[in-house]
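Undergrad: Mind looking over this structure? Questions follow.
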Amino acid sequence: MAQLPEGFVLDEPMSAAGGAAGVALPPGFVLDEPSGAETRVDQRPGQRGDGAFMNTTAGLNEGIYGTLGAPVDLAAGAINLGVRGINAATGTELPTIQDPIGGSRSIAQAFGAAGVPDPADIEAATAGEKIARGAGQGIGYMVAPELAARGVAQAAGRTIGPWLRSIFGESRTVGDVAGNALAGAAGGAGASLAGQVAPESARPLAEMAGGLVGGGLGALAASTPRIAAEGARMAGDYIAPLTEAGRERLAATSLRDAASDPAAARDALARNGELVPGSQPTTFQQSGDMGLGALERAVSALSPDQFMQRRSDQNAARLDALGDVQSQGSPQAIVSALRANLADLDEMTGEALQGATRTAQERAAAIGGAGTPEGYGSAVRQRLMDAENTARERERALWGAVDPDGSLALPTGGVRQEVEKALGSLPQAARPMEGEERAIFAAAGGFGPVMPFKEVTALRSRVSTEMRRELSQNGRSPVYARLSQLRGAIERNIEDAVTGKAAQEAEAVASGAMRQEDTMAALVAGWRDGWREEQATRARADAGAGSDGSSGAGGFSGARGSAGQGRGEFSGAAGSQGIPGDQRGLAPNFDAGAKNRLNAASEATKQRAQTYGRGPVGDVLRRSGSEGPYNVPSSAVAERFFRPGSKGYENVQALRQAAGDPETVASIRDYALSTLRRSAMREDGTLDPAKVQLWKSRYRDALRAFPEIDGMVADPVRASQAMEQLAVQRKQSFDTYRQGLTGRLIGVDNPEDVTRAIGSVFTSPQPATLMRQLAEQVRGNGEAVEGLRKAVADSMVQRLVSNAEVATSGRALIKADQFQNFVRQNEAALKEVLKPAEISMLKAIGDDLQRANRSITSVKLPGGSNTAQDLVALAQSSQPQSWGRIFLAALAQGGGGFALGGPIGGIAAIGGGQALAALRRAGMEKVDDLLTDAMLNPQRGLLLLTKAPPKPTEKDVLSFLQRFTRTMVNPADGE
C-alpha cells in the first residue's frame, strides 16, 4: 500500500469508486483497500479531544456505570442474543432491547441529566487521551465492584464471603485502595496502549497482553516495598546461627512459622499453665495450637527422653494429687458406724412403738363395753319392766278418774238397736252366734234405755278383747264385722251423750244463763290441752326420735245415730244375761268431762299395749304364763335392740321410747361398744382399724341412733393406726437397713472388701442416692467419715490406675479416658462425700489428662502409621544434605572466589565456606536445643513468640496476586 505524503490524513472512508463523498483525490492518487498488516495510527495532526483529565474521569465513570448496570446489561444481552437467534432461524425482525432501564447506559443518562458529563459525550482523540481513558476505566473496574459488593452485603446485613473477596478484593486501608487503583490504572493504560499500536486483527489479543503486563507491573509496584524488606530478612537468616541473638531469632521465627495462630498461641501461653500442682504442660499442650503440635512431634522425635520425662513428671503429679484427696482413715470404721446406727434404730423405734401401743390400749379401754351380754340384757329388761309398771299405774289412775264414785250413766238405746239389727240381718242358714260373741250380744241386748257407765265400759272392753282375738285367729270374719259394728254403737252412745249436753249449754250461754268458761266444751278443751302437754313432756323425757305413740284408734266416732228405745232383751237367744241392779231409776249424766277422761284412759291403755306389748320390747317382756320364764333369755335381750340390718335404728328407737330414761340408752350403747370389742379388739388390747370399719358397716343402721359412738371410736382407731404405722415403719427401716449396700457392709470385716463394696456404688443405677445415704449414716462420726472418703479414694485408684509403668518412674499410669469419664459421670455421687475443692482437683486431673493427650493423638494422622509420621517429621526437621549438594555448594563457592582472586581466591573461598557452614551447623544445633526447651517450657515458648519478628506478609503476596488477577478480568480496552 502506498504511503501518504507527510501531512496528509484521510477524513472519511472512500467509496468503492475511489472517491469520498463530495471530495476528489488529487491526480495520480488512488486508495487501496484497508489492510490489517499495517500499523494504524488513528490520529489526525493537530486534532485534540476533551483532554486527559476528562477522559480519565469519563473512563472512571464508565467503570462505575458498567459495574452498577452489569446485572441488567447481562440480562438484556442474553435476551437480545436469543432474539437474534430467533430472527436468524425464522426470518423475523423482532426488535432487540436498547439501553434498558438499570443498565449502564440508563445510569449514565441519569447522571448526565443531573449534570455529570456522559462518558459517551467525552471524546478521546489523541493517544494520550485514549491511554488516560483506559486508565480511568481500569480504576473504575478495579474499585467499583468491591465497593458495590460491600454495599450490597451491608444492606443485607451479611459479610462478603471468602470466594467473593478473592474476586472483588478486600481493601482494609486507604493504602489497599490506592494499590488496587494503581494496579487497575496500569492494566487499563497498558491495554489501551497495546490496542493502539497493534494491527486490527491482533488488537483484542494485544489489549489482553497489554492489560496483563500493565496490571502485573502495577501490582508489583504496589507490593514492592514489603517484598524487598522480606528479601533482606531472608539473607540475614543465613548467618543468624552464628550469634546468640540470631539463634534466638531463628528459634522464635521457627515457632512463629509453625504456629497456626501465633497471636492466639501467645494469649494461651500467657495464662497459668498448671492445672494440677507439679504437672507442667508442654507448649503445645497449653496452647492447643496444631502447628505447634506438629513441631512438638518433630522435636520430640529428636529428643524423646526429655518428653518422656515430662510425661512421667505429669503422671506423678496427678497421682500425688489423687492421693491427697484422703490419705488417712480406715474403711472398717464405716462398718462400725453402721452397726451402731442399727442398734440405735432398734432401740429408738422399739421405744416409740411401745409408747404408741400403750396409748392405743388406753384409748381402746376408755371406750367402755366391758360388760357381758347377760348383764346388759338383765339391766335393760328390768328397766323396761319398771317403765311398763309405771305406765300401768298411770293407766289405772286414768281409768279410776273416769267414774271415781260409780255414779255416771248414759243412754244406751243405740246399743240395743245395733243388737236387734245384727240379729235381724243374720240369715237363717248362717252360722249362729256362739261362744263369747253370743254372750256379748246377749249382754248388750239386756241393756236398758240408761245404763251405768261402768257397765258400758265393761261391755266396751269385752267387745274390744274379742275383736282382737277374732282378728288374730280368723281375720276380718263376719264375727269380727258384727263386733266392730257393736263397738261403734257403744262409741256413738257415748258421743251422743256429750253432744246433747253441749247443745243445752250452748243455749244457756246464748241466753246469758251460763258463762262460756263454765261450759262442758271449755272444760273438755282444758282437759284435752292438759293431756296433750303431759304427752309432750313424756315424749321429751324419752329423748327418742321415733313415734310417740299418741296416734291410734279411740277417738269419737264420726257416725251419728239415735238412741232409740229397744225391748231390752236378747231375741232369739237361748237366754239373756241379767243386768245387775235396778237400772230403771237412772238418769243420763255422762258429760264431756267423763268422755275426755274416758278417752285419756283408753289412749293410755292403747299406748301401753303398743309400747310394751309389741315389737322387740314386747318380745323381751313376754313370758310363758304370768310367772313363767321369759321367752328371750337375758343374754339375747340387748341384741334384740342393737342389731345388724335395716331394723337396727327402729329397734333402738323403740327401746328409747319404752324406757324413757338415759340410763337404758347408755346401757344399750355400752352393749354396742362391747360388740365392737368382740369384733375388732386384738389380743394386745388395741382396736383393729380394718375390723372397726367392718363393724361399722355391719351395724350401719343401728349406729344412726348413736351418732356419738363414731366420735368415741375415732380416737382409739387413730391411736391404733399410729401404732400400726410405727410398726410398719420400724420393719421397713430394718428391712431397708439390712438390704442393699448397707446390709452387705454390716456383714463385712475385711477393709479391702469394704473398699470394693463402696466402689460398687459407682456402678449402681443410682450412685448419687446410695452415696448420699451412706454419707448421712456416718455423718457426725469423724472416723467413719474419714473411712468413707478413704474408701472412695482407694476405689478410684483401684479402678482408674493401670499396672503399666510410666517411663522408668516406678509409678503406674492413670487411665486417661476412664478417669475423665468416671469423674464426669459420678460427679453427683462424689459431691456427697468429697469437698468442693477436692471435686475441683479431680476435674483438674481429668482436664490435665485430656490436655496432655494432645501430644499423643491430636497431631497423629487417623488411620496412618505413627512411626512413618514421626520419621517424616524427623526428616523434615533434620534435612541432611547429600554429597552431591555439598559438592555443588563447594563448587559454587570456589567458582566465585576464583572469579575474584584466581586459584588462591578459589581455594580460600572453598575453605572459608566450609568453615562458615560448620559454624552455622553448630549454631543450628543450638537453635534445635532452644526449640526443644521452648516446646517443653511454655514460658520460654511465650518469650520467643513475643520476640519473633512479624511474619512475612502472606497478605502482600496474596494482595499482589489478587490485584494481578483482577486486572486480567478488567474490561477496560483503552477505547
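Each chain of the C-alpha cells is named A, B, ... in the order shown, its residues numbered from 1; ligands are numbered from 1 in display order.
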Identify, with DSSP run on backbone atoms, the residues in region 299-374 of chain A assigned to helix (DSSP H, G or I), and express the list as an mmCIF file with N, CA and C atoms, in the first residue's frame.

TA:
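In the end it all went to states-v1.cif:
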```cif
data_model
loop_
_atom_site.group_PDB
_atom_site.id
_atom_site.type_symbol
_atom_site.label_atom_id
_atom_site.label_comp_id
_atom_site.auth_asym_id
_atom_site.auth_seq_id
_atom_site.Cartn_x
_atom_site.Cartn_y
_atom_site.Cartn_z
ATOM 1 N N VAL A 299 10.226 -32.286 67.191
ATOM 2 C CA VAL A 299 11.272 -32.053 68.200
ATOM 3 C C VAL A 299 11.375 -33.252 69.138
ATOM 4 N N SER A 300 10.202 -33.823 69.547
ATOM 5 C CA SER A 300 10.251 -34.960 70.470
ATOM 6 C C SER A 300 10.888 -36.177 69.818
ATOM 7 N N ALA A 301 10.813 -36.302 68.488
ATOM 8 C CA ALA A 301 11.481 -37.409 67.811
ATOM 9 C C ALA A 301 13.001 -37.274 67.905
ATOM 10 N N LEU A 302 13.478 -36.018 68.025
ATOM 11 C CA LEU A 302 14.923 -35.803 68.164
ATOM 12 C C LEU A 302 15.373 -35.953 69.607
ATOM 13 N N PRO A 304 13.534 -37.690 72.527
ATOM 14 C CA PRO A 304 12.415 -38.394 73.161
ATOM 15 C C PRO A 304 12.557 -38.516 74.664
ATOM 16 N N ASP A 305 13.813 -38.582 75.165
ATOM 17 C CA ASP A 305 13.989 -38.771 76.597
ATOM 18 C C ASP A 305 13.406 -37.616 77.403
ATOM 19 N N GLN A 306 13.588 -36.380 76.919
ATOM 20 C CA GLN A 306 13.096 -35.231 77.662
ATOM 21 C C GLN A 306 11.555 -35.214 77.700
ATOM 22 N N PHE A 307 10.933 -35.570 76.605
ATOM 23 C CA PHE A 307 9.477 -35.553 76.569
ATOM 24 C C PHE A 307 8.884 -36.716 77.361
ATOM 25 N N MET A 308 9.558 -37.881 77.377
ATOM 26 C CA MET A 308 9.102 -38.980 78.208
ATOM 27 C C MET A 308 9.214 -38.632 79.687
ATOM 28 N N GLN A 309 10.294 -37.913 80.052
ATOM 29 C CA GLN A 309 10.440 -37.484 81.440
ATOM 30 C C GLN A 309 9.326 -36.512 81.835
ATOM 31 N N ARG A 310 8.991 -35.635 80.903
ATOM 32 C CA ARG A 310 7.901 -34.714 81.202
ATOM 33 C C ARG A 310 6.584 -35.482 81.416
ATOM 34 N N ARG A 311 6.341 -36.477 80.606
ATOM 35 C CA ARG A 311 5.128 -37.281 80.765
ATOM 36 C C ARG A 311 5.120 -37.990 82.116
ATOM 37 N N SER A 312 6.299 -38.500 82.529
ATOM 38 C CA SER A 312 6.413 -39.163 83.821
ATOM 39 C C SER A 312 6.162 -38.185 84.961
ATOM 40 N N ASP A 313 6.731 -36.982 84.858
ATOM 41 C CA ASP A 313 6.533 -35.984 85.918
ATOM 42 C C ASP A 313 5.051 -35.587 86.016
ATOM 43 N N GLN A 314 4.415 -35.454 84.897
ATOM 44 C CA GLN A 314 2.981 -35.098 84.917
ATOM 45 C C GLN A 314 2.167 -36.197 85.585
ATOM 46 N N ASN A 315 2.423 -37.454 85.259
ATOM 47 C CA ASN A 315 1.675 -38.567 85.854
ATOM 48 C C ASN A 315 1.900 -38.633 87.353
ATOM 49 N N ALA A 316 3.173 -38.404 87.787
ATOM 50 C CA ALA A 316 3.459 -38.434 89.223
ATOM 51 C C ALA A 316 2.703 -37.326 89.953
ATOM 52 N N ALA A 317 2.638 -36.145 89.358
ATOM 53 C CA ALA A 317 1.918 -35.042 89.994
ATOM 54 C C ALA A 317 0.429 -35.370 90.114
ATOM 55 N N ARG A 318 -0.140 -36.023 89.124
ATOM 56 C CA ARG A 318 -1.557 -36.384 89.186
ATOM 57 C C ARG A 318 -1.808 -37.443 90.245
ATOM 58 N N LEU A 319 -0.933 -38.440 90.330
ATOM 59 C CA LEU A 319 -1.079 -39.465 91.366
ATOM 60 C C LEU A 319 -0.988 -38.855 92.757
ATOM 61 N N ASP A 320 -0.047 -37.914 92.934
ATOM 62 C CA ASP A 320 0.070 -37.250 94.241
ATOM 63 C C ASP A 320 -1.195 -36.471 94.574
ATOM 64 N N ALA A 321 -1.755 -35.789 93.580
ATOM 65 C CA ALA A 321 -2.983 -35.021 93.821
ATOM 66 C C ALA A 321 -4.150 -35.946 94.153
ATOM 67 N N LEU A 322 -4.223 -37.102 93.483
ATOM 68 C CA LEU A 322 -5.284 -38.060 93.771
ATOM 69 C C LEU A 322 -5.120 -38.638 95.169
ATOM 70 N N GLY A 323 -3.870 -38.904 95.551
ATOM 71 C CA GLY A 323 -3.624 -39.430 96.887
ATOM 72 C C GLY A 323 -3.924 -38.440 97.988
ATOM 73 N N GLN A 332 -12.856 -49.652 107.588
ATOM 74 C CA GLN A 332 -13.578 -50.500 108.532
ATOM 75 C C GLN A 332 -14.408 -49.679 109.513
ATOM 76 N N ALA A 333 -14.050 -48.392 109.697
ATOM 77 C CA ALA A 333 -14.823 -47.534 110.599
ATOM 78 C C ALA A 333 -16.248 -47.337 110.080
ATOM 79 N N ILE A 334 -16.442 -47.468 108.772
ATOM 80 C CA ILE A 334 -17.798 -47.363 108.214
ATOM 81 C C ILE A 334 -18.670 -48.482 108.759
ATOM 82 N N VAL A 335 -18.135 -49.699 108.804
ATOM 83 C CA VAL A 335 -18.902 -50.845 109.278
ATOM 84 C C VAL A 335 -19.298 -50.659 110.737
ATOM 85 N N SER A 336 -18.348 -50.205 111.553
ATOM 86 C CA SER A 336 -18.652 -49.989 112.975
ATOM 87 C C SER A 336 -19.753 -48.949 113.141
ATOM 88 N N ALA A 337 -19.694 -47.883 112.360
ATOM 89 C CA ALA A 337 -20.714 -46.840 112.458
ATOM 90 C C ALA A 337 -22.079 -47.369 112.033
ATOM 91 N N LEU A 338 -22.125 -48.172 110.970
ATOM 92 C CA LEU A 338 -23.407 -48.705 110.510
ATOM 93 C C LEU A 338 -24.010 -49.665 111.523
ATOM 94 N N ARG A 339 -23.181 -50.466 112.149
ATOM 95 C CA ARG A 339 -23.702 -51.386 113.166
ATOM 96 C C ARG A 339 -24.245 -50.606 114.371
ATOM 97 N N ALA A 340 -23.540 -49.565 114.761
ATOM 98 C CA ALA A 340 -24.029 -48.731 115.865
ATOM 99 C C ALA A 340 -25.351 -48.061 115.492
ATOM 100 N N ASN A 341 -25.456 -47.611 114.256
ATOM 101 C CA ASN A 341 -26.707 -46.994 113.810
ATOM 102 C C ASN A 341 -27.865 -47.991 113.855
ATOM 103 N N LEU A 342 -27.589 -49.241 113.502
ATOM 104 C CA LEU A 342 -28.637 -50.256 113.529
ATOM 105 C C LEU A 342 -29.129 -50.485 114.953
ATOM 106 N N ALA A 343 -28.187 -50.534 115.918
ATOM 107 C CA ALA A 343 -28.581 -50.707 117.319
ATOM 108 C C ALA A 343 -29.405 -49.518 117.803
ATOM 109 N N ASP A 344 -28.993 -48.317 117.422
ATOM 110 C CA ASP A 344 -29.749 -47.123 117.806
ATOM 111 C C ASP A 344 -31.141 -47.134 117.185
ATOM 112 N N LEU A 345 -31.229 -47.579 115.945
ATOM 113 C CA LEU A 345 -32.522 -47.640 115.271
ATOM 114 C C LEU A 345 -33.450 -48.623 115.978
ATOM 115 N N ASP A 346 -32.907 -49.754 116.392
ATOM 116 C CA ASP A 346 -33.706 -50.755 117.087
ATOM 117 C C ASP A 346 -34.247 -50.194 118.396
ATOM 118 N N GLU A 347 -33.401 -49.545 119.155
ATOM 119 C CA GLU A 347 -33.813 -49.006 120.452
ATOM 120 C C GLU A 347 -34.828 -47.877 120.281
ATOM 121 N N MET A 348 -34.548 -46.967 119.381
ATOM 122 C CA MET A 348 -35.409 -45.805 119.207
ATOM 123 C C MET A 348 -36.791 -46.211 118.696
ATOM 124 N N THR A 349 -36.838 -47.024 117.657
ATOM 125 C CA THR A 349 -38.138 -47.411 117.097
ATOM 126 C C THR A 349 -38.897 -48.329 118.046
ATOM 127 N N GLY A 350 -38.162 -49.148 118.820
ATOM 128 C CA GLY A 350 -38.825 -50.011 119.791
ATOM 129 C C GLY A 350 -39.530 -49.211 120.877
ATOM 130 N N GLU A 351 -38.855 -48.191 121.401
ATOM 131 C CA GLU A 351 -39.482 -47.343 122.418
ATOM 132 C C GLU A 351 -40.689 -46.599 121.860
ATOM 133 N N ALA A 352 -40.551 -46.099 120.646
ATOM 134 C CA ALA A 352 -41.673 -45.374 120.043
ATOM 135 C C ALA A 352 -42.868 -46.298 119.829
ATOM 136 N N LEU A 353 -42.610 -47.538 119.408
ATOM 137 C CA LEU A 353 -43.694 -48.477 119.183
ATOM 138 C C LEU A 353 -44.370 -48.866 120.494
ATOM 139 N N GLN A 354 -43.593 -49.064 121.546
ATOM 140 C CA GLN A 354 -44.171 -49.395 122.846
ATOM 141 C C GLN A 354 -45.058 -48.267 123.351
ATOM 142 N N GLY A 355 -44.590 -47.032 123.212
ATOM 143 C CA GLY A 355 -45.397 -45.896 123.641
ATOM 144 C C GLY A 355 -46.695 -45.786 122.856
ATOM 145 N N ALA A 356 -46.623 -45.987 121.540
ATOM 146 C CA ALA A 356 -47.831 -45.915 120.719
ATOM 147 C C ALA A 356 -48.794 -47.045 121.074
ATOM 148 N N THR A 357 -48.256 -48.221 121.401
ATOM 149 C CA THR A 357 -49.119 -49.342 121.781
ATOM 150 C C THR A 357 -49.832 -49.056 123.090
ATOM 151 N N ARG A 358 -49.116 -48.510 124.063
ATOM 152 C CA ARG A 358 -49.761 -48.166 125.339
ATOM 153 C C ARG A 358 -50.885 -47.148 125.132
ATOM 154 N N THR A 359 -50.613 -46.165 124.303
ATOM 155 C CA THR A 359 -51.639 -45.151 124.041
ATOM 156 C C THR A 359 -52.871 -45.779 123.391
ATOM 157 N N ALA A 360 -52.646 -46.648 122.418
ATOM 158 C CA ALA A 360 -53.773 -47.289 121.740
ATOM 159 C C ALA A 360 -54.552 -48.182 122.700
ATOM 160 N N GLN A 361 -53.852 -48.870 123.593
ATOM 161 C CA GLN A 361 -54.530 -49.720 124.571
ATOM 162 C C GLN A 361 -55.377 -48.892 125.529
ATOM 163 N N GLU A 362 -54.808 -47.810 126.041
ATOM 164 C CA GLU A 362 -55.533 -46.962 126.990
ATOM 165 C C GLU A 362 -56.779 -46.360 126.340
ATOM 166 N N ARG A 363 -56.667 -45.910 125.126
ATOM 167 C CA ARG A 363 -57.805 -45.279 124.468
ATOM 168 C C ARG A 363 -58.862 -46.304 124.056
ATOM 169 N N ALA A 364 -58.425 -47.526 123.756
ATOM 170 C CA ALA A 364 -59.397 -48.568 123.448
ATOM 171 C C ALA A 364 -60.157 -48.978 124.704
ATOM 172 N N ALA A 365 -59.446 -49.047 125.839
ATOM 173 C CA ALA A 365 -60.107 -49.412 127.092
ATOM 174 C C ALA A 365 -61.083 -48.340 127.550
ATOM 175 N N PRO A 373 -73.093 -59.838 127.855
ATOM 176 C CA PRO A 373 -74.443 -59.771 127.271
ATOM 177 C C PRO A 373 -75.531 -60.045 128.306
ATOM 178 N N GLU A 374 -75.302 -60.994 129.260
ATOM 179 C CA GLU A 374 -76.294 -61.280 130.288
ATOM 180 C C GLU A 374 -76.541 -60.073 131.176
#
```

Undergrad: Between A:Gly195, A:Pro411, A:Pro629, A:Gly787, single out the one closest to Asn589 (chain A), counting only C-alpha atoms.

TA: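 Once distances to Asn589 (chain A) are computed over only C-alpha atoms, the minimum belongs to A:Pro411.
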
Undergrad: State, in Å with one decimal place, the distance from CA of Gly66 (chain A) to CA of Ser104 (chain A).

TA: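 Between these atoms lies a distance of 5.0 Å.
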
Undergrad: Name the residues in contact with Arg700 (chain A) at a cut-off of 12 Å, using only C-alpha atoms, excluding same-chain residues fewer than 4 positions from it; report them as a list in words.

TA: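 Counting only C-alpha atoms, the residues come to Phe642, Arg643, Pro644, Gly645, Ser646, Lys647, Gly648, Tyr649, Ala672, Val692, Gln693, Leu694, Trp695, Lys696, Arg704, Ala705, Phe706, Pro707, Ile709 and Asp710 of chain A.
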
Undergrad: So which residues touch region 275-291 of chain A within 9 Å, counting only C-alpha atoms, skipping near sequence neighbours fewer than 4 positions away, as a PDB file with C-alpha atoms, in the first residue's frame?

TA:
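Okay, this is what ended up in out_2.pdb:
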```
ATOM      1  CA  LEU A 255       7.893 -21.113  66.453  1.00  0.00           C
ATOM      2  CA  ASP A 257       6.156 -20.082  61.336  1.00  0.00           C
ATOM      3  CA  ALA A 258       4.989 -23.352  62.895  1.00  0.00           C
ATOM      4  CA  ALA A 259       2.142 -21.795  64.875  1.00  0.00           C
ATOM      5  CA  SER A 260      -1.251 -21.913  63.194  1.00  0.00           C
ATOM      6  CA  ASP A 261      -2.293 -18.746  65.039  1.00  0.00           C
ATOM      7  CA  PRO A 262       0.670 -17.070  66.769  1.00  0.00           C
ATOM      8  CA  ALA A 264      -3.871 -16.973  69.965  1.00  0.00           C
ATOM      9  CA  ALA A 265      -0.914 -19.138  70.994  1.00  0.00           C
ATOM     10  CA  ARG A 266       0.681 -16.205  72.823  1.00  0.00           C
ATOM     11  CA  ASP A 267      -2.590 -15.484  74.662  1.00  0.00           C
ATOM     12  CA  ALA A 268      -2.916 -19.126  75.741  1.00  0.00           C
ATOM     13  CA  LEU A 269       0.692 -19.315  76.915  1.00  0.00           C
ATOM     14  CA  ARG A 271      -2.191 -17.858  81.245  1.00  0.00           C
ATOM     15  CA  LEU A 295       6.577 -29.002  65.683  1.00  0.00           C
ATOM     16  CA  GLU A 296       6.495 -30.785  69.066  1.00  0.00           C
ATOM     17  CA  PHE A 307       9.477 -35.553  76.569  1.00  0.00           C
ATOM     18  CA  ARG A 310       7.901 -34.714  81.202  1.00  0.00           C
ATOM     19  CA  ARG A 311       5.128 -37.281  80.765  1.00  0.00           C
ATOM     20  CA  ASP A 313       6.533 -35.984  85.918  1.00  0.00           C
ATOM     21  CA  GLN A 314       2.981 -35.098  84.917  1.00  0.00           C
ATOM     22  CA  ASN A 315       1.675 -38.567  85.854  1.00  0.00           C
ATOM     23  CA  ALA A 316       3.459 -38.434  89.223  1.00  0.00           C
ATOM     24  CA  ALA A 317       1.918 -35.042  89.994  1.00  0.00           C
ATOM     25  CA  ARG A 318      -1.557 -36.384  89.186  1.00  0.00           C
ATOM     26  CA  ALA A 321      -2.983 -35.021  93.821  1.00  0.00           C
ATOM     27  CA  MET A 841      -8.980 -31.129  91.824  1.00  0.00           C
ATOM     28  CA  ALA A 844      -8.416 -30.613  87.082  1.00  0.00           C
ATOM     29  CA  ILE A 845      -6.721 -34.020  86.902  1.00  0.00           C
ATOM     30  CA  ASP A 847      -8.569 -31.777  82.299  1.00  0.00           C
ATOM     31  CA  ASP A 848      -4.812 -32.216  82.659  1.00  0.00           C
ATOM     32  CA  ARG A 851      -4.672 -31.720  77.663  1.00  0.00           C
ATOM     33  CA  ALA A 852      -1.642 -33.993  77.894  1.00  0.00           C
ATOM     34  CA  ASN A 853      -3.302 -36.371  75.475  1.00  0.00           C
ATOM     35  CA  ARG A 854      -2.907 -33.713  72.794  1.00  0.00           C
ATOM     36  CA  SER A 855       0.715 -34.718  72.429  1.00  0.00           C
ATOM     37  CA  SER A 858      -4.018 -34.556  68.311  1.00  0.00           C
ATOM     38  CA  VAL A 859      -1.399 -34.441  65.518  1.00  0.00           C
ATOM     39  CA  ALA A 934      10.703 -23.810  74.176  1.00  0.00           C
ATOM     40  CA  MET A 935       8.420 -26.744  73.405  1.00  0.00           C
ATOM     41  CA  LEU A 936       8.925 -28.181  76.905  1.00  0.00           C
ATOM     42  CA  ASN A 937       8.580 -24.869  78.759  1.00  0.00           C
ATOM     43  CA  PRO A 938       5.568 -22.720  77.842  1.00  0.00           C
ATOM     44  CA  GLN A 939       7.101 -19.591  79.351  1.00  0.00           C
ATOM     45  CA  ARG A 940      10.201 -19.915  77.139  1.00  0.00           C
ATOM     46  CA  GLY A 941       7.907 -20.527  74.169  1.00  0.00           C
ATOM     47  CA  LEU A 942       5.917 -17.405  75.067  1.00  0.00           C
TER      48      LEU A 942
END
```

Undergrad: To one decimal in Å, tell me the separation between CA of Arg921 (chain A) and CA of Ala294 (chain A).

TA: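 According to the coordinates, CA of Arg921 (chain A) and CA of Ala294 (chain A) are separated by 22.9 Å.
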
Undergrad: I'd like the interatomic distance between CA of Asp684 (chain A) and CA of Ser720 (chain A), to a tenth of an Å.

TA: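 Distance between the two atoms: 10.8 Å.
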